[in-house]
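**Q** Structure supplied as work_34.tsv; contents: TSV, C-alpha atoms and all ligand atoms.
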```tsv
chain	number	residue	atom	x	y	z
A	1	MET	CA	85.02	128.19	92.48
A	2	PRO	CA	83.49	125.67	94.89
A	3	SER	CA	80.60	123.67	93.50
A	4	PRO	CA	77.25	125.00	94.79
A	5	VAL	CA	75.91	121.45	95.13
A	6	PRO	CA	77.66	118.19	96.04
A	7	HIS	CA	78.52	116.02	93.06
A	8	THR	CA	78.73	112.68	94.82
A	9	VAL	CA	76.65	110.92	97.46
A	10	LEU	CA	78.43	108.02	99.13
A	11	LEU	CA	75.59	105.84	100.31
A	12	ALA	CA	76.34	103.59	103.27
A	13	ALA	CA	74.91	100.07	103.20
A	14	PRO	CA	73.38	98.58	105.25
A	15	ARG	CA	71.25	101.54	106.35
A	16	SER	CA	67.65	102.25	107.29
A	17	PHE	CA	65.13	99.64	108.55
A	18	CYS	CA	66.36	96.62	110.50
A	19	ALA	CA	64.50	93.35	111.00
A	20	GLY	CA	63.17	94.38	114.41
A	21	VAL	CA	61.70	97.62	113.09
A	22	GLU	CA	60.17	95.93	110.02
A	23	ARG	CA	58.53	93.37	112.31
A	24	ALA	CA	57.20	96.00	114.73
A	25	VAL	CA	55.67	98.12	111.97
A	26	GLU	CA	54.11	95.04	110.34
A	27	ILE	CA	52.61	94.00	113.67
A	28	VAL	CA	50.75	97.30	113.97
A	29	GLU	CA	49.66	97.18	110.31
A	30	ARG	CA	48.32	93.63	110.73
A	31	ALA	CA	46.62	94.47	114.03
A	32	LEU	CA	44.78	97.35	112.34
A	33	VAL	CA	43.56	95.06	109.55
A	34	GLN	CA	42.66	92.11	111.77
A	35	ARG	CA	41.17	93.93	114.75
A	36	GLY	CA	40.06	97.24	113.26
A	37	ARG	CA	40.56	100.75	114.61
A	38	PRO	CA	41.65	101.83	117.05
A	39	VAL	CA	44.72	99.83	117.94
A	40	TYR	CA	46.54	101.37	120.87
A	41	VAL	CA	50.34	101.43	120.89
A	42	ARG	CA	52.30	102.08	124.08
A	43	LYS	CA	55.02	104.65	123.25
A	44	GLN	CA	56.28	105.19	119.72
A	45	ILE	CA	56.32	101.77	118.00
A	46	VAL	CA	59.80	102.71	116.77
A	47	HIS	CA	61.60	106.01	117.23
A	48	ASN	CA	60.67	107.70	113.97
A	49	VAL	CA	58.28	110.60	113.48
A	50	HIS	CA	57.27	109.56	109.95
A	51	VAL	CA	56.54	105.93	110.86
A	52	VAL	CA	54.41	107.03	113.80
A	53	ALA	CA	52.50	109.65	111.77
A	54	ASP	CA	51.80	107.12	109.01
A	55	LEU	CA	50.42	104.52	111.42
A	56	ALA	CA	48.44	107.16	113.33
A	57	ALA	CA	46.78	108.20	110.06
A	58	ARG	CA	45.72	104.57	109.58
A	59	GLY	CA	44.14	104.26	113.02
A	60	ALA	CA	46.89	103.56	115.54
A	61	VAL	CA	46.55	105.53	118.77
A	62	PHE	CA	49.86	106.16	120.50
A	63	VAL	CA	49.80	106.52	124.28
A	64	ASP	CA	52.50	107.07	126.86
A	65	GLU	CA	51.08	104.79	129.53
A	66	LEU	CA	48.53	102.00	129.75
A	67	ASP	CA	46.07	103.95	131.92
A	68	GLU	CA	45.24	105.87	128.73
A	69	VAL	CA	44.02	102.62	127.08
A	70	PRO	CA	40.37	101.59	127.66
A	71	ARG	CA	39.96	98.34	129.61
A	72	GLY	CA	39.85	95.32	127.32
A	73	ALA	CA	41.27	97.14	124.28
A	74	THR	CA	44.11	95.89	122.06
A	75	VAL	CA	47.51	97.38	122.84
A	76	VAL	CA	50.83	96.84	121.09
A	77	PHE	CA	54.07	97.07	123.07
A	78	SER	CA	56.80	98.90	121.12
A	79	ALA	CA	59.99	97.40	119.68
A	80	HIS	CA	61.94	98.74	122.68
A	81	GLY	CA	60.32	96.37	125.15
A	82	VAL	CA	58.58	96.85	128.50
A	83	SER	CA	59.27	96.01	132.12
A	84	PRO	CA	57.40	93.25	133.97
A	85	ALA	CA	55.51	96.00	135.82
A	86	VAL	CA	53.99	97.18	132.54
A	87	ARG	CA	52.98	93.60	131.62
A	88	ALA	CA	51.32	93.27	135.03
A	89	GLN	CA	49.45	96.53	134.50
A	90	ALA	CA	48.20	95.26	131.14
A	91	ARG	CA	46.88	92.10	132.83
A	92	ASP	CA	45.16	94.19	135.51
A	93	ARG	CA	43.39	96.21	132.82
A	94	ALA	CA	42.44	93.09	130.85
A	95	LEU	CA	44.21	94.46	127.77
A	96	ARG	CA	44.71	92.28	124.70
A	97	VAL	CA	48.47	92.61	124.31
A	98	ILE	CA	50.40	92.16	121.09
A	99	ASP	CA	54.11	92.28	121.84
A	100	ALA	CA	56.29	93.97	119.20
A	101	THR	CA	59.42	93.89	121.37
A	102	CYS	CA	62.39	93.12	119.13
A	103	PRO	CA	63.59	89.56	119.82
A	104	LEU	CA	67.10	90.94	120.34
A	105	VAL	CA	65.79	93.14	123.16
A	106	THR	CA	63.91	90.16	124.61
A	107	LYS	CA	67.27	88.34	124.67
A	108	VAL	CA	68.74	91.07	126.89
A	109	HIS	CA	65.73	90.86	129.23
A	110	ALA	CA	66.27	87.12	129.59
A	111	GLU	CA	69.94	87.71	130.42
A	112	ALA	CA	69.00	90.31	133.03
A	113	ARG	CA	66.69	87.80	134.75
A	114	ARG	CA	69.29	85.05	134.59
A	115	PHE	CA	72.19	87.16	135.88
A	116	ALA	CA	70.10	88.60	138.71
A	117	ALA	CA	68.79	85.15	139.64
A	118	ARG	CA	72.32	83.83	140.17
A	119	GLY	CA	72.91	86.62	142.68
A	120	ASP	CA	74.89	89.08	140.54
A	121	THR	CA	74.67	92.83	140.46
A	122	VAL	CA	73.93	93.68	136.83
A	123	LEU	CA	75.74	96.68	135.36
A	124	LEU	CA	73.53	97.78	132.49
A	125	VAL	CA	75.53	99.90	130.06
A	126	GLY	CA	73.16	102.31	128.34
A	127	HIS	CA	71.19	105.52	128.57
A	128	ALA	CA	69.00	105.68	131.66
A	129	ASP	CA	66.24	107.68	129.99
A	130	HIS	CA	65.87	105.34	126.99
A	131	GLU	CA	62.74	103.15	126.92
A	132	GLU	CA	64.76	100.02	126.22
A	133	VAL	CA	66.91	100.56	129.32
A	134	GLU	CA	63.83	101.33	131.45
A	135	GLY	CA	62.34	98.02	130.34
A	136	THR	CA	65.49	95.95	130.93
A	137	LEU	CA	66.10	97.63	134.29
A	138	GLY	CA	62.60	96.64	135.30
A	139	GLU	CA	63.50	92.93	135.14
A	140	ALA	CA	65.58	93.19	138.32
A	141	PRO	CA	65.53	96.81	139.52
A	142	ALA	CA	67.01	96.06	142.95
A	143	ARG	CA	70.02	94.32	141.40
A	144	THR	CA	70.65	96.52	138.34
A	145	ILE	CA	72.74	99.68	138.05
A	146	VAL	CA	72.76	101.73	134.83
A	147	VAL	CA	76.24	102.78	133.68
A	148	GLU	CA	75.99	105.57	131.13
A	149	ASP	CA	79.61	106.35	130.29
A	150	VAL	CA	83.29	105.87	131.14
A	151	ALA	CA	83.09	108.35	134.02
A	152	ALA	CA	80.27	106.34	135.60
A	153	ALA	CA	82.15	103.08	135.00
A	154	ARG	CA	85.11	104.47	136.96
A	155	VAL	CA	83.07	105.12	140.11
A	156	VAL	CA	80.21	102.61	140.12
A	157	GLY	CA	80.12	100.50	143.27
A	158	VAL	CA	78.70	97.00	143.76
A	159	PRO	CA	77.95	95.08	146.97
A	160	ASP	CA	80.15	92.09	146.00
A	161	PRO	CA	82.83	92.57	143.29
A	162	ALA	CA	82.98	88.78	142.83
A	163	ARG	CA	79.35	88.67	141.74
A	164	VAL	CA	78.90	91.17	138.97
A	165	SER	CA	77.70	90.94	135.37
A	166	TYR	CA	77.18	93.41	132.57
A	167	LEU	CA	74.62	93.88	129.82
A	168	THR	CA	74.34	96.60	127.22
A	169	GLN	CA	71.60	98.47	125.42
A	170	THR	CA	71.27	97.15	121.86
A	171	THR	CA	71.88	100.46	120.08
A	172	LEU	CA	75.10	101.80	121.58
A	173	ALA	CA	78.28	102.89	119.81
A	174	VAL	CA	80.51	99.84	119.54
A	175	ASP	CA	83.77	101.75	120.17
A	176	GLU	CA	82.49	103.72	123.17
A	177	THR	CA	80.99	100.60	124.72
A	178	GLU	CA	84.34	98.80	124.40
A	179	GLU	CA	85.95	101.63	126.39
A	180	ILE	CA	83.31	101.42	129.11
A	181	LEU	CA	83.63	97.64	129.34
A	182	ALA	CA	87.44	97.89	129.50
A	183	VAL	CA	87.10	100.10	132.58
A	184	LEU	CA	84.58	97.72	134.17
A	185	HIS	CA	86.74	94.65	133.45
A	186	ALA	CA	89.76	96.38	134.98
A	187	ARG	CA	87.82	97.29	138.13
A	188	PHE	CA	85.94	93.98	138.43
A	189	PRO	CA	88.13	91.09	137.22
A	190	GLU	CA	85.29	88.63	137.91
A	191	LEU	CA	82.92	90.55	135.63
A	192	ARG	CA	80.84	88.24	133.45
A	193	GLY	CA	78.89	89.16	130.34
A	194	PRO	CA	76.46	87.72	127.83
A	195	ALA	CA	77.53	84.85	125.56
A	196	SER	CA	77.06	87.05	122.50
A	197	ASP	CA	77.07	90.83	122.16
A	198	ASP	CA	73.96	92.73	123.17
A	199	ILE	CA	74.71	95.53	120.70
A	200	CYS	CA	72.65	94.18	117.83
A	201	TYR	CA	73.74	93.20	114.34
A	202	ALA	CA	71.86	96.15	112.78
A	203	THR	CA	73.51	98.74	115.01
A	204	THR	CA	76.95	97.23	114.41
A	205	ASN	CA	76.46	96.96	110.64
A	206	ARG	CA	75.23	100.55	110.28
A	207	GLN	CA	78.20	101.88	112.25
A	208	ARG	CA	80.70	99.88	110.17
A	209	ALA	CA	79.02	100.97	106.94
A	210	LEU	CA	79.15	104.63	107.92
A	211	SER	CA	82.82	104.35	108.90
A	212	ALA	CA	83.51	103.10	105.36
A	213	VAL	CA	82.17	106.30	103.79
A	214	ALA	CA	82.70	109.01	106.41
A	215	ASP	CA	86.45	109.40	105.87
A	216	GLU	CA	85.95	110.24	102.20
A	217	ALA	CA	83.04	112.58	102.80
A	218	ASP	CA	83.09	116.33	103.42
A	219	LEU	CA	79.76	116.07	105.22
A	220	VAL	CA	77.72	113.21	106.67
A	221	LEU	CA	73.94	113.23	106.82
A	222	VAL	CA	72.13	110.68	108.99
A	223	VAL	CA	68.41	110.29	108.38
A	224	GLY	CA	66.61	109.64	111.64
A	225	SER	CA	64.60	111.14	114.47
A	226	ALA	CA	66.06	113.02	117.41
A	227	ASN	CA	65.08	110.29	119.90
A	228	SER	CA	66.54	107.45	117.80
A	229	SER	CA	69.50	106.12	119.76
A	230	ASN	CA	71.20	104.26	116.92
A	231	SER	CA	70.81	107.30	114.61
A	232	LEU	CA	72.39	109.63	117.18
A	233	ARG	CA	75.27	107.21	117.61
A	234	LEU	CA	75.90	107.36	113.84
A	235	VAL	CA	76.15	111.16	113.95
A	236	GLU	CA	78.56	110.98	116.88
A	237	LEU	CA	80.65	108.31	115.15
A	238	ALA	CA	81.17	110.48	112.07
A	239	ARG	CA	82.02	113.51	114.19
A	240	ARG	CA	84.52	111.55	116.31
A	241	GLY	CA	86.23	110.66	113.03
A	242	GLY	CA	86.49	114.34	112.14
A	243	THR	CA	83.71	114.67	109.56
A	244	PRO	CA	80.95	117.24	110.13
A	245	ALA	CA	77.68	115.35	110.56
A	246	TYR	CA	74.02	116.18	111.07
A	247	LEU	CA	70.89	114.25	111.96
A	248	VAL	CA	68.03	115.05	109.56
A	249	GLU	CA	64.40	114.03	110.06
A	250	ASP	CA	63.81	114.20	106.30
A	251	ALA	CA	64.81	116.08	103.15
A	252	GLY	CA	63.23	119.27	104.44
A	253	ALA	CA	65.69	119.38	107.32
A	254	VAL	CA	68.80	119.62	105.13
A	255	ARG	CA	70.12	123.17	105.44
A	256	PRO	CA	71.70	124.74	102.33
A	257	GLU	CA	74.50	126.32	104.36
A	258	TRP	CA	75.74	122.85	105.39
A	259	LEU	CA	76.41	122.12	101.71
A	260	ALA	CA	78.59	125.16	101.00
A	261	GLY	CA	81.86	123.89	99.50
A	262	VAL	CA	80.85	120.27	100.03
A	263	ARG	CA	81.71	117.91	97.15
A	264	VAL	CA	81.04	114.51	98.70
A	265	VAL	CA	78.16	113.74	101.06
A	266	GLY	CA	78.16	110.54	103.10
A	267	LEU	CA	74.57	109.42	103.61
A	268	THR	CA	73.02	106.84	105.88
A	269	ALA	CA	69.87	106.27	107.94
A	270	GLY	CA	69.21	104.87	111.38
A	271	ALA	CA	67.46	101.53	111.80
A	272	SER	CA	64.09	103.17	112.44
A	273	ALA	CA	64.14	105.50	109.42
A	274	PRO	CA	62.13	104.41	106.34
A	275	PRO	CA	64.17	103.90	103.12
A	276	ARG	CA	62.01	106.36	101.16
A	277	LEU	CA	63.34	109.22	103.31
A	278	VAL	CA	66.86	108.47	102.06
A	279	ASP	CA	65.64	108.59	98.46
A	280	GLU	CA	64.00	111.94	99.16
A	281	VAL	CA	67.21	113.38	100.63
A	282	ILE	CA	69.15	112.29	97.53
A	283	ALA	CA	66.53	113.92	95.30
A	284	ALA	CA	66.73	117.12	97.33
A	285	LEU	CA	70.52	117.29	96.91
A	286	GLY	CA	70.12	117.83	93.18
A	287	PRO	CA	71.74	116.01	90.24
A	288	VAL	CA	74.28	113.94	92.14
A	289	ARG	CA	76.28	110.80	91.36
A	290	VAL	CA	75.25	108.12	93.85
A	291	VAL	CA	77.83	105.51	94.82
A	292	GLU	CA	76.75	102.80	97.25
A	293	ARG	CA	79.36	101.22	99.54
A	294	GLU	CA	78.11	97.93	100.95
A	295	THR	CA	80.07	96.53	103.89
A	296	ALA	CA	77.64	93.73	104.84
A	297	THR	CA	74.52	92.03	103.57
A	298	GLU	CA	71.65	91.43	105.96
A	299	SER	CA	69.28	88.50	105.81
A	300	VAL	CA	67.89	88.60	109.34
A	301	HIS	CA	64.13	88.10	109.58
A	302	PHE	CA	62.05	87.67	112.71
A	303	THR	CA	58.79	85.73	112.77
A	304	LEU	CA	55.65	87.59	113.72
A	305	PRO	CA	53.94	86.89	117.05
A	306	ALA	CA	51.13	84.35	116.84
A	307	ALA	CA	48.55	87.03	117.61
A	308	VAL	CA	48.94	88.59	114.15
A	309	ARG	CA	49.95	85.63	112.00
A	310	PRO	CA	47.59	85.19	109.06
A	311	GLU	CA	46.39	81.75	110.11
A	312	VAL	CA	45.26	83.01	113.51
A	313	ALA	CA	41.74	84.40	113.64
A	314	PRO	CA	41.35	87.48	115.85
A	315	SER	CA	40.31	86.46	119.36
B	401	LIG	FE1	66.14	95.02	117.13
B	401	LIG	FE2	68.57	96.05	116.72
B	401	LIG	FE3	66.54	96.83	115.23
B	401	LIG	FE4	66.63	97.55	117.82
B	401	LIG	S1	68.05	98.18	116.18
B	401	LIG	S2	64.83	96.82	116.69
B	401	LIG	S3	67.57	95.69	118.71
B	401	LIG	S4	67.41	94.73	115.29
```
Step by step, read the file and then write its structure as structure tokens.

**A**
Amino acid sequence: MPSPVPHTVLLAAPRSFCAGVERAVEIVERALVQRGRPVYVRKQIVHNVHVVADLAARGAVFVDELDEVPRGATVVFSAHGVSPAVRAQARDRALRVIDATCPLVTKVHAEARRFAARGDTVLLVGHADHEEVEGTLGEAPARTIVVEDVAAARVVGVPDPARVSYLTQTTLAVDETEEILAVLHARFPELRGPASDDICYATTNRQRALSAVADEADLVLVVGSANSSNSLRLVELARRGGTPAYLVEDAGAVRPEWLAGVRVVGLTAGASAPPRLVDEVIAALGPVRVVERETATESVHFTLPAAVRPEVAPS
């Protein structure tokens, strides 16, 4: 008789919040304390429904665009970054900006400016509809082409094949991105890239950690929201390896039928998903043995922007 509930949870580590997400959430929390309600936030501060709902309950007002923010009000830019056009709009509206862009996204923006300034066409590997890509593209829109997949890499054209660079979104699948870059390198032998990978340490670590548990699991659950790029990549990674995998917003999203005949569940969470949601999923699975597999330790910490550091009085 198959067990009605799994008996083991293989917990991938690292998982859940990264340094960029922790910083972004803390920026909004500090802004609320230092400046009072409301604090406007352009787009979701990070791509997680629970994080956004929690901050909204404490006085954050999430807007899609800056014309929804009253002139002169405080606005936080999300961890995914913004284009120069959005910064200009904020200046025009006299908004008091606090920038929660992850420093690793800011690095990619700086590369985009530098590569475009030396006359290159920039091939930006990523998802065109993702906020991070929209922001990076905005650094040099006339010189940047988004390449979404291998098929696009095979046909993309550039004005001068001798002057071409690439960048990538920070939250892509490492293996898929290598395939795309192999095609681009083969087509453009002069292709130049960043000095260090744009796919960030947190994305890479979470993918490696999941790979270390997925093979032994009958089912993989990834805690994260549907618009979280790095969470979706984790689901795809497990499935490519042959293990059934589902993205779950929280414990309430786990469907009993997924667990039929399942003995070992591999569990992880995307970089924007709070750790407590993982604990709640484990609790919902019943009396299970939890085994953590740690493939890396993380000690990355980003300093807060001056606007919300404790020693700085609100302006
Ligand atoms: Fe920064 Fe990477 Fe986290 Fe995105 S996933 S916020 S790039 S550390």

**Q** Restricting the calculation to all atoms listed in the file, which member of A:His7, A:Arg289, A:Arg42, A:Lys107 is positioned closest to ligand LIG 401 (chain B)?

**A**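 Among the listed residues, the smallest separation from ligand LIG 401 (chain B) belongs to A:Lys107.
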
**Q** Using only C-alpha atoms and all ligand atoms, find each protein or nucleic acid residue lying at most 9 Å from ligand LIG 401 (chain B); present the set as an mmCIF file with C-alpha atoms, in the coordinates of the input.

**A**
```cif
data_model
loop_
_atom_site.group_PDB
_atom_site.id
_atom_site.type_symbol
_atom_site.label_atom_id
_atom_site.label_comp_id
_atom_site.auth_asym_id
_atom_site.auth_seq_id
_atom_site.Cartn_x
_atom_site.Cartn_y
_atom_site.Cartn_z
ATOM 1 C CA PHE A 17 65.130 99.640 108.550
ATOM 2 C CA CYS A 18 66.360 96.620 110.500
ATOM 3 C CA ALA A 19 64.500 93.350 111.000
ATOM 4 C CA GLY A 20 63.170 94.380 114.410
ATOM 5 C CA VAL A 21 61.700 97.620 113.090
ATOM 6 C CA GLU A 22 60.170 95.930 110.020
ATOM 7 C CA ARG A 23 58.530 93.370 112.310
ATOM 8 C CA ALA A 24 57.200 96.000 114.730
ATOM 9 C CA VAL A 46 59.800 102.710 116.770
ATOM 10 C CA ALA A 79 59.990 97.400 119.680
ATOM 11 C CA HIS A 80 61.940 98.740 122.680
ATOM 12 C CA THR A 101 59.420 93.890 121.370
ATOM 13 C CA CYS A 102 62.390 93.120 119.130
ATOM 14 C CA PRO A 103 63.590 89.560 119.820
ATOM 15 C CA LEU A 104 67.100 90.940 120.340
ATOM 16 C CA VAL A 105 65.790 93.140 123.160
ATOM 17 C CA THR A 106 63.910 90.160 124.610
ATOM 18 C CA GLU A 132 64.760 100.020 126.220
ATOM 19 C CA GLN A 169 71.600 98.470 125.420
ATOM 20 C CA THR A 170 71.270 97.150 121.860
ATOM 21 C CA THR A 171 71.880 100.460 120.080
ATOM 22 C CA ASP A 198 73.960 92.730 123.170
ATOM 23 C CA ILE A 199 74.710 95.530 120.700
ATOM 24 C CA CYS A 200 72.650 94.180 117.830
ATOM 25 C CA TYR A 201 73.740 93.200 114.340
ATOM 26 C CA ALA A 202 71.860 96.150 112.780
ATOM 27 C CA THR A 203 73.510 98.740 115.010
ATOM 28 C CA THR A 204 76.950 97.230 114.410
ATOM 29 C CA SER A 229 69.500 106.120 119.760
ATOM 30 C CA ASN A 230 71.200 104.260 116.920
ATOM 31 C CA GLY A 270 69.210 104.870 111.380
ATOM 32 C CA ALA A 271 67.460 101.530 111.800
ATOM 33 C CA SER A 272 64.090 103.170 112.440
ATOM 34 C CA VAL A 300 67.890 88.600 109.340
#
```

**Q** For stretch 86-144 of chain A versus stretch 58-70 of chain A, which residues have an atom no more than 8 Å away, and what is each residue's nearest atom pair and distance in Å rounded to one decimal, using all atoms listed in the file, chain-then-number order, as CSV?

**A**
```
residue,atom,partner,partner_atom,distance
A:Val86,CA,A:Leu66,CA,7.8
A:Gln89,CA,A:Leu66,CA,7.3
A:Ala90,CA,A:Leu66,CA,6.9
```

**Q** What would the file look like if the residues just selected were written as a short mmCIF file (atom, residue, chain, number, x, y, z; two decimals), in the frame of the given file with C-alpha atoms?

**A**
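And here's part.cif as it stands now:
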```cif
data_model
loop_
_atom_site.label_atom_id
_atom_site.label_comp_id
_atom_site.auth_asym_id
_atom_site.auth_seq_id
_atom_site.Cartn_x
_atom_site.Cartn_y
_atom_site.Cartn_z
CA VAL A 86 53.99 97.18 132.54
CA GLN A 89 49.45 96.53 134.50
CA ALA A 90 48.20 95.26 131.14
#
```

**Q** Between atom CA of A:Val9 and atom CA of A:Ala217, what is the distance, to one decimal in Å?

**A**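 Calculated distance between atom CA of A:Val9 and atom CA of A:Ala217 is 8.5 Å.
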
**Q** Which of these, A:Val183, A:Val33, A:Val75, A:Val308, has the shortest distance to A:Arg154 once you count all atoms listed in the file?

**A**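 Looking only at the distances to A:Arg154, the closest residue turns out to be A:Val183.
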
**Q** May I have the residues within 10 Å of A:Ala238 as JSON, numbers by chain, using all atoms listed in the file and disregarding those fewer than 4 positions away in the same chain?

**A** {"A": [207, 210, 211, 213, 214, 215, 217, 219, 220, 221, 222, 233, 234, 242, 243, 244, 245, 246, 266]}

**Q** Rank nothing, just name the residue among A:Asp279, A:Asp99, A:Asp120, A:Glu176 nearest to A:Arg192, using all atoms listed in the file.

**A**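 Checking each candidate against A:Arg192, we get A:Asp120 as the closest.
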
**Q** Ranking A:Arg118, A:Arg37, A:Arg187, A:Lys43 by minimum distance to A:Ala57 and counting all atoms listed in the file, which one comes first?

**A**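 Closest to A:Ala57 of all the choices is A:Arg37.
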
**Q** Please measure the separation of atom CA of A:Leu259 and atom CA of A:Leu277, giving the value in Å to one decimal.

**A**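 Pair atom CA of A:Leu259 / atom CA of A:Leu277 returns 18.4 Å.
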
**Q** What is the distance between atom CA of A:Ala209 and atom CA of A:Ser225, in Å to one decimal?

**A**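 Taking atom CA of A:Ala209 as the start and atom CA of A:Ser225 as the end point, the length is 19.2 Å.
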